[in-house]
Structure formats: structure tokens, C-alpha cells
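Visitor: Can you read through this structure? Questions will come right after.
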Amino acid sequence: MSDPKKTPEKSPRPDARAAKQGDARQDEGQPGNFVAEIVEADLARGATGGRLMTRFPPEPNGYLHIGHAKSIVLNFGLATLAPEGVCNLRFDDTNPETESTEYVESIQADVRWLGYDWGDRLYYASDYFPQLYAWAEKLVEKGLAYVDTRDEETIRATRGDFHTPGEDSPHRDRSVEENLKLLRAMKAGELEEGAAVLRAKIDMKSKDLKLRDPLMYRIKKVPHHRTGDEWCIYPMYDWAHGQSDAIEGVTHSVCTLEFINHHALYDWFLEALEIPEPPKQIEFGRLNLTYTVLSKRKLQQLVSEGHVAGWDDPRMPTLAGMRRRGFTPEAIVRFCERIGVSKNDGVVDVGLLEHELREHLNATSRRIMGVLDPIKLVLTNYPEDQEDWFELENIPKQPEAGTRKVPFSKVLWVERDDFMKEAPKKWWRLAPGKEVRLRGAALVTCDEVIEDAEGNVVELRCTWDPESRGGTPADGRKVRGTIHWVSAKHAVDAEVRLYDRLFAAENPSSGEGGFLDHLNPKSLEVREGCKLEATARGMAPGTRVQLERLGYFVVDADSTDAAPVFNRTITLKDSWAKIAKKLGKKG
RNA sequence: UCCGGCGUCGUCUAAUGGCAGGACAGCGGACUUUGAAUCCGCGAAUCGUGGUUCGAAUCCACGCGCCGGAACCA
């Protein structure tokens, strides 16, 4: 059952189409959601007597990813369309060979993290095994199911294919008594794995291959993560899923498009069991994202072959990975609400996800300064022992977010990328003879460049304008460039992990070769010896900040007080990079 | 090739027989103590061919294209 300690706050999710219902925003374009329209229409005509129940039904055999988030946001959002609407969390745990409690726990943590609350409605398909079995006997008694005792290959071979009808099993016409006897023997463990299966008796010649006497039970003498050794027959998906929906009283069973081929069978079972108010299955298009793979098999492979550090590697599209990367749940939910819900098999530009991320982080992240690739900058006219403490806003244009004091002294660190010996056109940053603003501190002019024997710049010698404290010159002259800096004697040394997209190809799974051929070799760059502003000392893991002019970062769980570790969540947009690219092309 | 689903700006998505709109991306400009943010502006689409209609993205017919389906997986 759900953890009673953590009664998440009543999640204030807007209902799935809140904006469409407000007349003020009637004219604003809203993303489509045909599932919500169906639900509203059903509600409006009283199809369910006012009841509304959806469910999120993961199989606990892997970690949740951004594609699941779309389904979670949809299902929990739909539940808000009626006053008494609810959404259940149900584990579809019918295959003990692949499932485990590790996944049961991570899935719950991830759904909660997104901000959703299933109340006391935490369910398991495995809790329904007794009811499912009783129903199976009922179907046998009605002559709608039979035990087939041929081997797997024979059954497969007689199913036919797209072009040829299947052949009836010779066991199709066993008597009810014999079927019951065999089914009970299966259940009692008297038959070996593979020796028998229970099949629905539908139509071996149906054009819908799913209706060619589908399997209901198979024998697996494998312990289950919840039921242990109690069962040695386990229901197949089609036999378990719709019936689980019916047991819970689900009104709208929303699933992805690949299950549309199961729709007729879903309805067949419910009808055969004479379920009075059967749930309605509705299929929508699953999420695909550019530069991303979302298939469970591929994610599993990335983990097992060590291409990433684990399911929660910050480059993974898993919710655990995104959390560690520094994503906010709000950004993910907002993204899912904005992409719309349709039956199109589309690929959403990962840029839209990044946009939502930046938008939320921009509004909520405290700013600090940090230098990732330091060069020393010495203020020749600044007294050796002097210090200034400048007050900077934590978040610009949000006075309520407060300010912080940042120390300034004679020897500073600045970013290597912010200096060029020969400045191109439109370069507003440091260069010999040029004046720039040190953000929030003062104007400085670069007088001298010191290089080592190989010609690497090792130090910039500058003079500061004492009349420009805070960054505003006394005479009002305009200084275009502003760069970030850190006082050397106050700096916090940190490791910074620069993450980028895991794949370099827009569609990693297309084209020649496998998706692994498209791994981005630069998806992770670890920088040691980065210099952060004093404020960064002792930040708790999970703290999100913007390193000004660089991007958004989050304190990683690997941090210690002595050795902080920051992950780059995402860079800021960089219009200079575009200009530089153009200049490069022209040159 | 059989069954099913789907085709609207580069991408996602509106328009439910009546002016093809929004968002992201792109491009241009303003502003700027983050080359960020913000603001303003620009370009950009109905898969094709017929038909019905005063009027079609929408209805009909025939094509074409993409995706899914022949697990004792979900």
C-alpha cells in the first residue's frame, strides 16, 4: 500500500484541458487532447453515472522514463475532469521472470516526484490472480476456453500468419470436464512448464491475429516477487489487463497505440465475462523524442553494457536520470501538457523539453558565479590586502529572492573563453587594451598578457576603475561586455560534470548500424579544479543554481563538503556561439 | 501481400462544412550589469487525384506514404 508517511500535498495539477474550459482563453491555441474530449463527452452524457477512474499501469521491470511521464500526466490529468475522478497506480506484474521490487519502489518514487498522488489506490495485478483464475474456470465452463497440451512450436506453427488462416487445435473440443481437470492440474503444478496452456476459444481464422485463440495462462514454475510460490501459472497480458481494469472499476483505460491491435480482444474478454459496465480502452500515440531512445530494451542495453553509469545516469531519459541531471518535475509535467495527445506517431523536438526546463529554471534558480576553465586575472592597481564585498541579486528581477555578498580581491579567476588575443568583430569580452565589466563588481582594462613558453595565456594583468564599484562607471560611459569572475582567495574548488545529449543523431535508431553507433562521444566532460564563488560552499545535493552566463547546474549526490560536485543540467542559450559560427563560415 | 492506425508550417498541435491559428525551432530588430531573460517583427503547412457543396484540412471515392500487428513479453 502507499506510504502513509508521505501523503503528498494535494497536487494542484491543472485539469487536462483547464484552459479550454475557460472562456477567457477560448481563443488561445491549446494543445489537442482527444482522449480528454472523449472522457468529457462520456461524462456529459452520463455514460459512467458520473464515475471517472483511470489508471497508470507500469510493469515493474525497468525504470520509468519521459515517455511514461506523458502517460502519467495524461492519466492523472484526466482524473481531474470529474469531481470524484481518481487515478490508480497499478503494477502489471504478471511475468515474474522479469519483475522485481527494486522497480516497484523506483516507480513509486518517480510518480511521487512528478507530483502525483494515487491515495490508497496502489494495486497489483498479482492481487487479482485468484479472481482471474476463478474467471478462467468460468470461461471454461461456458465453453469459451480450453487447455491446449501441444508444445509451443506447434501452437505457433498452427496460428497461421498475415496471409494464411490458423488451424484449429485438436484439443479445441475437449469436454468442459476434461478442460477443468487439466486447468486444475496446471494450477496444482502437476504439469511441467510448456506442457499445457489455457487458450480462449475465439476464431483461428480471424483476420485479427490476436483473436486466433490467444493464450490466457502459461505454466512458469518461477517465484513471483509478491506471491512467492503460490502460483505456477501466470496470466498473459491480455487476460490480465482488461480484467484488472474491470475489478478496480476503471472507466477509461488509456494506453499507447501499439495496443490498438489488442482492442478487440480486450472487449471480447469483458463481454465473455459479462462485465456489467466494462471499461473503455482508448489508445494514444506514445512519445518519441529527437536525440533520444526510449525503448526499454535499448535503455537496458545502455546500462548493462556500461555506456552510461546506471539507470540514473544524468544522460538517461529516465525520470531518475533526469532528476539527477537537475530537471524539475514542473518542467517535465509542463512539457507533457504542451505536446498534446493524438494518434499521430510523432517525434517531438527535444528542444521543446529543453525550453520548458530553461523556463522553469530561469524563474527559480539562484544565480552564482563560477569559472570552469580558469585563467588568472591580476588587478595591478588594487591593494594587496584589500577586499570588497559586492551585493548581487540572487535572481534578477525578483527582489523577494534576496541578495548575497560576493567577495572581490586583487587576484581573480576568469573564464578562458572570455579572453581572445585577437578580438574578432562583435567581440565584447576581454582582449588586450579592452575594457569589460566584471559582473556586479567593477570595470577592468586588460593591459598585459602573460604567456608561458608554449604561448599559452597564463595570466592577464589589468587595471580596475575604483570609480566603477558595483559595475557602473562614474562618467556614464557604456561598456558592452560583462563577464563572470571569482575571487581566487575565496574560491571553492569543485568538480563539474558537463553533460550533453547522449546521442549525436536526431534519430539514433534509424539508418545503418545500431543506435549505439550514434552515441555522442562528448556527452560527458568532467572538469576538475573549477572555481566557484564562496556561496557555493556546503550546498546540499539536489540544490539547483544558475552559474551566470554558463547554464543551470545541480549539486550531485557524489558531493562532499570538501569536494563538491556539480552537474550541468543544461547550458544557457548562447547567441554568441551562433555569431561565431557565422563569422567562422565567412572567414 | 492480409488486418489495423495515422497523414496540417522544419517539429508538436488547433480549426469538428465558413478568414488555416498557437507553441518550439529558425531569421531580423529593440532592450540589457548574464551575448541569458524580456519585448517587437518576419518567413513557414492542409500527401495526391477526382467528386459532393455557394463554400472542403474537414464529407465521399480511388491512389500514395509512414507506423503497428503473426512472443508461453507487457
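Residues are referred to by chain and number: the chain letter is A, B, ... according to the order shown in the C-alpha cells, the number counts from 1 in that chain, and ligands are numbered separately from 1 in the order shown.
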Please identify the helix (DSSP H, G or I) residues within segment 430-496 of chain A (assignment by DSSP from backbone atoms) and present them as a list in words.

Guide: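 Selection result, helix (DSSP H, G or I) within segment 430-496 of chain A: Pro466, Glu467, Ser468, Arg469, Gly470, Gly471, Ala488, Lys489 and His490 of chain A.
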
Visitor: Go ahead and write the selection's residues with N, CA and C atoms as a JSON list (two decimals), in the first residue's frame.

Guide:
```
[["chain", "number", "residue", "atom", "x", "y", "z"],
["A", 466, "PRO", "N", 38.46, 52.25, -9.85],
["A", 466, "PRO", "CA", 37.88, 52.28, -8.49],
["A", 466, "PRO", "C", 36.60, 53.10, -8.44],
["A", 467, "GLU", "N", 36.38, 53.91, -9.46],
["A", 467, "GLU", "CA", 35.16, 54.73, -9.50],
["A", 467, "GLU", "C", 33.98, 53.95, -10.10],
["A", 468, "SER", "N", 34.17, 52.66, -10.36],
["A", 468, "SER", "CA", 33.10, 51.89, -11.01],
["A", 468, "SER", "C", 32.60, 50.77, -10.10],
["A", 469, "ARG", "N", 32.75, 50.97, -8.81],
["A", 469, "ARG", "CA", 32.32, 49.91, -7.86],
["A", 469, "ARG", "C", 30.87, 49.50, -8.13],
["A", 470, "GLY", "N", 30.65, 48.21, -8.18],
["A", 470, "GLY", "CA", 29.32, 47.71, -8.49],
["A", 470, "GLY", "C", 29.12, 47.53, -9.99],
["A", 471, "GLY", "N", 30.04, 48.13, -10.79],
["A", 471, "GLY", "CA", 29.96, 47.91, -12.23],
["A", 471, "GLY", "C", 29.47, 49.10, -13.01],
["A", 488, "ALA", "N", 40.09, 34.67, -6.23],
["A", 488, "ALA", "CA", 40.92, 33.47, -6.08],
["A", 488, "ALA", "C", 41.05, 33.02, -4.63],
["A", 489, "LYS", "N", 41.23, 33.99, -3.74],
["A", 489, "LYS", "CA", 41.48, 33.52, -2.36],
["A", 489, "LYS", "C", 40.21, 33.05, -1.66],
["A", 490, "HIS", "N", 39.05, 33.37, -2.21],
["A", 490, "HIS", "CA", 37.80, 32.94, -1.59],
["A", 490, "HIS", "C", 37.15, 31.76, -2.33]]
```

Visitor: Write out, as a tab-separated table, each residue of chain B that has an atom at most 12 Å from chain A, together with the closest pair of atoms and their distance in Å to one decimal, counting only C-alpha atoms (C1' of nucleotides), rows going by chain and rising number.

Guide:
```
residue	atom	partner	partner_atom	distance
B:U1	C1'	A:His163	CA	7.3
B:C2	C1'	A:Phe162	CA	4.9
B:C3	C1'	A:Lys207	CA	5.6
B:G4	C1'	A:Asn261	CA	6.5
B:G5	C1'	A:Ile260	CA	7.7
B:C6	C1'	A:Asn344	CA	5.6
B:G7	C1'	A:Asn344	CA	8.3
B:U8	C1'	A:Asn344	CA	11.9
B:G10	C1'	A:Asp349	CA	10.1
B:U11	C1'	A:Asp349	CA	5.7
B:C12	C1'	A:Ile339	CA	5.6
B:U13	C1'	A:Pro31	CA	5.2
B:A14	C1'	A:Gly29	CA	5.9
B:A15	C1'	A:Gly29	CA	9.8
B:U16	C1'	A:Glu37	CA	11.5
B:G21	C1'	A:Gly29	CA	6.9
B:G22	C1'	A:Gly29	CA	4.4
B:A23	C1'	A:Arg338	CA	8.0
B:C24	C1'	A:Leu352	CA	5.2
B:A25	C1'	A:Gly351	CA	7.4
B:G26	C1'	A:Lys578	CA	11.9
B:U32	C1'	A:Arg480	CA	9.3
B:U33	C1'	A:Arg439	CA	5.9
B:U34	C1'	A:Arg549	CA	4.8
B:G35	C1'	A:Trp576	CA	5.1
B:A36	C1'	A:Leu572	CA	6.2
B:A37	C1'	A:Asn362	CA	7.6
B:U38	C1'	A:Lys397	CA	10.7
B:C66	C1'	A:Asp345	CA	8.8
B:C67	C1'	A:Asp345	CA	6.8
B:G68	C1'	A:Glu258	CA	5.7
B:G69	C1'	A:Asn261	CA	6.3
B:A70	C1'	A:Asp161	CA	4.6
B:A71	C1'	A:Arg156	CA	9.6
B:C72	C1'	A:Arg218	CA	5.3
B:C73	C1'	A:Asn95	CA	8.0
B:A74	C1'	A:Tyr237	CA	6.3
```

Visitor: Which polymer residues have any atom within 12 Å of an atom of C62 of chain B, counting only C-alpha atoms (C1' of nucleotides), with same-chain residues fewer than 5 positions away left out, as a PyMOL selection string?

Guide: chain B and resi 48-51

Visitor: Among segment 131-280 of chain A, which ones does DSSP assign to strand (DSSP E) (computed from the backbone)? Answer as a PyMOL selection string.

Guide: chain A and resi 145-148+197-200+215-219+233-235+252-256+280

Visitor: Just give me the gap between atom CA of Leu183 of chain A and atom CA of Glu137 of chain A in Å, one decimal is fine.

Guide: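 Value for the atom CA of Leu183 of chain A-atom CA of Glu137 of chain A distance: 8.0 Å.
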
Visitor: Near Asn456 of chain A, counting only C-alpha atoms (C1' of nucleotides), which residues have an atom at most 12 Å away, once you skip same-chain residues fewer than 3 positions from it, shown as an mmCIF file with N, CA, C and O atoms, in the first residue's frame?

Guide:
```cif
data_model
loop_
_atom_site.group_PDB
_atom_site.id
_atom_site.type_symbol
_atom_site.label_atom_id
_atom_site.label_comp_id
_atom_site.auth_asym_id
_atom_site.auth_seq_id
_atom_site.Cartn_x
_atom_site.Cartn_y
_atom_site.Cartn_z
ATOM 1 N N ILE A 375 41.524 31.305 -15.933
ATOM 2 C CA ILE A 375 42.806 31.981 -16.120
ATOM 3 C C ILE A 375 42.877 33.049 -15.019
ATOM 4 O O ILE A 375 41.867 33.637 -14.654
ATOM 5 N N ARG A 416 38.545 31.223 -19.458
ATOM 6 C CA ARG A 416 39.474 31.259 -20.596
ATOM 7 C C ARG A 416 38.743 31.666 -21.886
ATOM 8 O O ARG A 416 39.280 32.411 -22.699
ATOM 9 N N PHE A 419 38.432 35.459 -23.031
ATOM 10 C CA PHE A 419 39.591 36.243 -23.471
ATOM 11 C C PHE A 419 40.026 35.804 -24.866
ATOM 12 O O PHE A 419 40.045 34.606 -25.166
ATOM 13 N N MET A 420 40.336 36.780 -25.706
ATOM 14 C CA MET A 420 40.945 36.456 -27.002
ATOM 15 C C MET A 420 42.072 37.424 -27.262
ATOM 16 O O MET A 420 41.937 38.633 -27.044
ATOM 17 N N LYS A 421 43.188 36.892 -27.729
ATOM 18 C CA LYS A 421 44.329 37.759 -28.024
ATOM 19 C C LYS A 421 44.024 38.671 -29.194
ATOM 20 O O LYS A 421 44.406 39.826 -29.225
ATOM 21 N N VAL A 449 49.334 40.693 -21.317
ATOM 22 C CA VAL A 449 49.023 39.259 -21.380
ATOM 23 C C VAL A 449 50.304 38.489 -21.134
ATOM 24 O O VAL A 449 51.317 38.716 -21.809
ATOM 25 N N ILE A 450 50.286 37.607 -20.147
ATOM 26 C CA ILE A 450 51.490 36.827 -19.855
ATOM 27 C C ILE A 450 51.300 35.412 -20.359
ATOM 28 O O ILE A 450 50.281 34.767 -20.089
ATOM 29 N N GLU A 451 52.294 34.940 -21.122
ATOM 30 C CA GLU A 451 52.187 33.612 -21.712
ATOM 31 C C GLU A 451 53.333 32.745 -21.236
ATOM 32 O O GLU A 451 54.388 33.250 -20.861
ATOM 33 N N ASP A 452 53.124 31.426 -21.295
ATOM 34 C CA ASP A 452 54.235 30.529 -20.972
ATOM 35 C C ASP A 452 55.045 30.275 -22.242
ATOM 36 O O ASP A 452 54.768 30.846 -23.297
ATOM 37 N N ALA A 453 56.025 29.371 -22.127
ATOM 38 C CA ALA A 453 56.926 29.113 -23.242
ATOM 39 C C ALA A 453 56.184 28.624 -24.486
ATOM 40 O O ALA A 453 56.578 28.889 -25.620
ATOM 41 N N GLU A 459 48.244 34.442 -17.534
ATOM 42 C CA GLU A 459 47.813 35.500 -16.632
ATOM 43 C C GLU A 459 47.482 36.753 -17.423
ATOM 44 O O GLU A 459 48.108 37.052 -18.439
ATOM 45 N N LEU A 460 46.444 37.453 -16.951
ATOM 46 C CA LEU A 460 46.093 38.737 -17.548
ATOM 47 C C LEU A 460 46.341 39.792 -16.483
ATOM 48 O O LEU A 460 45.892 39.635 -15.348
#
```

Visitor: By how many Å are atom CA of Ala557 of chain A and atom CA of Pro541 of chain A apart?

Guide: 5.1 Å
